[in-house]
Amino acid sequence: MCCYVIVTVRSMLWSLLSITACLTELAAFMSAHWLITSEMKVPDSNSTHANGLSSETTMIRTIGLFLRCQQVGNDDFMRMSDNCRVYAHSIGEIASPFWTATCIFMATAILFLMVVALFSVWALCFRNLGRKSIFSISGILQAIAGLLLIFSLVLFPAGWGSERVQFDCGSHTGAFNLGTCHIGWAYYAAMFGTLLSFFCAVMSNQAEASTGSERVENDIIDGKNPVCAL
């Protein structure tokens, strides 16, 4: 089979956005910034006053699906301390069963998005996978990934009532009630990646149409390679 490199504006945009959606969800999944505690004043063992008393420093804890970190410093500068670790070394140690489901749904969605990211590169040269359009297959996978990510985003706040979250965010923390904590950038990144997945699923039809246009077919017949079109 001869490989014709077909590049259109819509197919290239779909490819770039598909890869962006995958990387965004992966970054959110691996991040420890899903929840952020309020600032706490703690003694600074590295700094003492003239009277021998330790000065105070600010500490903020960040909580992820399976990571837990803390930042220490003053109001002008915060640095990551050495206390950044994986608190859940197995799926049974994750803070809440709801978070366990979040991890499973999100990991599955990321796997689908990774496959689509590979397909988006493959689509530059081949438009079909067997008898099926590679764009149609990718669009279906992106739509399924988007649904799984929605489940993840809904289940995550349902697990805020776990003991581990209450330890950091206060005893008044419960399902869909954050107490003294607030949502970190990773949750918003996951939301953005979810919307981008659905957008790419719809856009896959446009990408397929652009690579199968009459102009592209004529360029292939004329022997042009690569084929560039709008």
# chains A, B, ... in the order shown; residues from 1 in each chain; ligands from 1
>>> residues_around(residues="segment 18-31 of chain A", least_positions_apart="5", cutoff="10 Å", atoms="only C-alpha atoms", output="PyMOL selection string")
chain A and resi 12-13+62-69+102-103+106-107+109-121+138-139+142+149+184-201+203-204
>>> residues_around(residues="Thr108 of chain A", least_positions_apart="4", cutoff="8 Å", atoms="only C-alpha atoms", output="ChimeraX atom specification")
/A:104,112,145,148
>>> write_last_selection(atoms="all heavy atoms", output="PDB file, in the first residue's frame")
ATOM      1  N   ILE A 104      -9.747   4.446  38.226  1.00  0.00           N
ATOM      2  CA  ILE A 104      -9.985   3.412  37.218  1.00  0.00           C
ATOM      3  C   ILE A 104     -10.589   4.020  35.956  1.00  0.00           C
ATOM      4  O   ILE A 104     -10.125   3.763  34.831  1.00  0.00           O
ATOM      5  CB  ILE A 104     -10.899   2.311  37.788  1.00  0.00           C
ATOM      6  CG1 ILE A 104     -10.185   1.560  38.908  1.00  0.00           C
ATOM      7  CG2 ILE A 104     -11.334   1.351  36.684  1.00  0.00           C
ATOM      8  CD1 ILE A 104     -11.063   0.560  39.637  1.00  0.00           C
ATOM      9  N   PHE A 112      -7.455   5.254  26.275  1.00  0.00           N
ATOM     10  CA  PHE A 112      -8.157   5.498  25.007  1.00  0.00           C
ATOM     11  C   PHE A 112      -7.592   6.724  24.297  1.00  0.00           C
ATOM     12  O   PHE A 112      -7.392   6.715  23.078  1.00  0.00           O
ATOM     13  CB  PHE A 112      -9.652   5.677  25.254  1.00  0.00           C
ATOM     14  CG  PHE A 112     -10.383   4.416  25.598  1.00  0.00           C
ATOM     15  CD1 PHE A 112     -11.651   4.455  26.135  1.00  0.00           C
ATOM     16  CD2 PHE A 112      -9.792   3.173  25.391  1.00  0.00           C
ATOM     17  CE1 PHE A 112     -12.338   3.285  26.445  1.00  0.00           C
ATOM     18  CE2 PHE A 112     -10.458   2.001  25.718  1.00  0.00           C
ATOM     19  CZ  PHE A 112     -11.733   2.058  26.238  1.00  0.00           C
ATOM     20  N   ALA A 145     -14.089   8.080  26.054  1.00  0.00           N
ATOM     21  CA  ALA A 145     -13.168   8.642  27.048  1.00  0.00           C
ATOM     22  C   ALA A 145     -13.798   9.836  27.751  1.00  0.00           C
ATOM     23  O   ALA A 145     -13.663   9.996  28.973  1.00  0.00           O
ATOM     24  CB  ALA A 145     -11.866   9.060  26.368  1.00  0.00           C
ATOM     25  N   LEU A 148     -16.245   8.575  30.377  1.00  0.00           N
ATOM     26  CA  LEU A 148     -15.514   8.046  31.540  1.00  0.00           C
ATOM     27  C   LEU A 148     -14.955   9.175  32.394  1.00  0.00           C
ATOM     28  O   LEU A 148     -14.957   9.096  33.634  1.00  0.00           O
ATOM     29  CB  LEU A 148     -14.389   7.129  31.073  1.00  0.00           C
ATOM     30  CG  LEU A 148     -14.806   5.816  30.410  1.00  0.00           C
ATOM     31  CD1 LEU A 148     -13.590   5.084  29.866  1.00  0.00           C
ATOM     32  CD2 LEU A 148     -15.567   4.933  31.387  1.00  0.00           C
TER      33      LEU A 148
END
>>> closest_residue(among="A:Met40, A:Cys169, A:Val154, A:Ala207", to="Phe105 of chain A", atoms="only C-alpha atoms")
A:Val154
>>> atom_distance(atom1="atom CA of Ile91 of chain A", atom2="atom CA of Gly146 of chain A")
22.8 Å
>>> atom_distance(atom1="atom CA of Ser210 of chain A", atom2="atom CA of Arg127 of chain A")
11.2 Å
>>> closest_residue(among="A:Ala158, A:Ile94, A:Arg164, A:Trp34", to="Asn177 of chain A", atoms="only C-alpha atoms")
A:Ala158
>>> select_by_dssp(residues="segment 14-163 of chain A", states="strand (DSSP E)", output="PyMOL selection string")
chain A and resi 35-36+40-48+54-63+67-73+78-80+85-86+128-129+132-133
>>> atom_distance(atom1="atom CA of Leu35 of chain A", atom2="atom CA of Leu17 of chain A")
26.7 Å
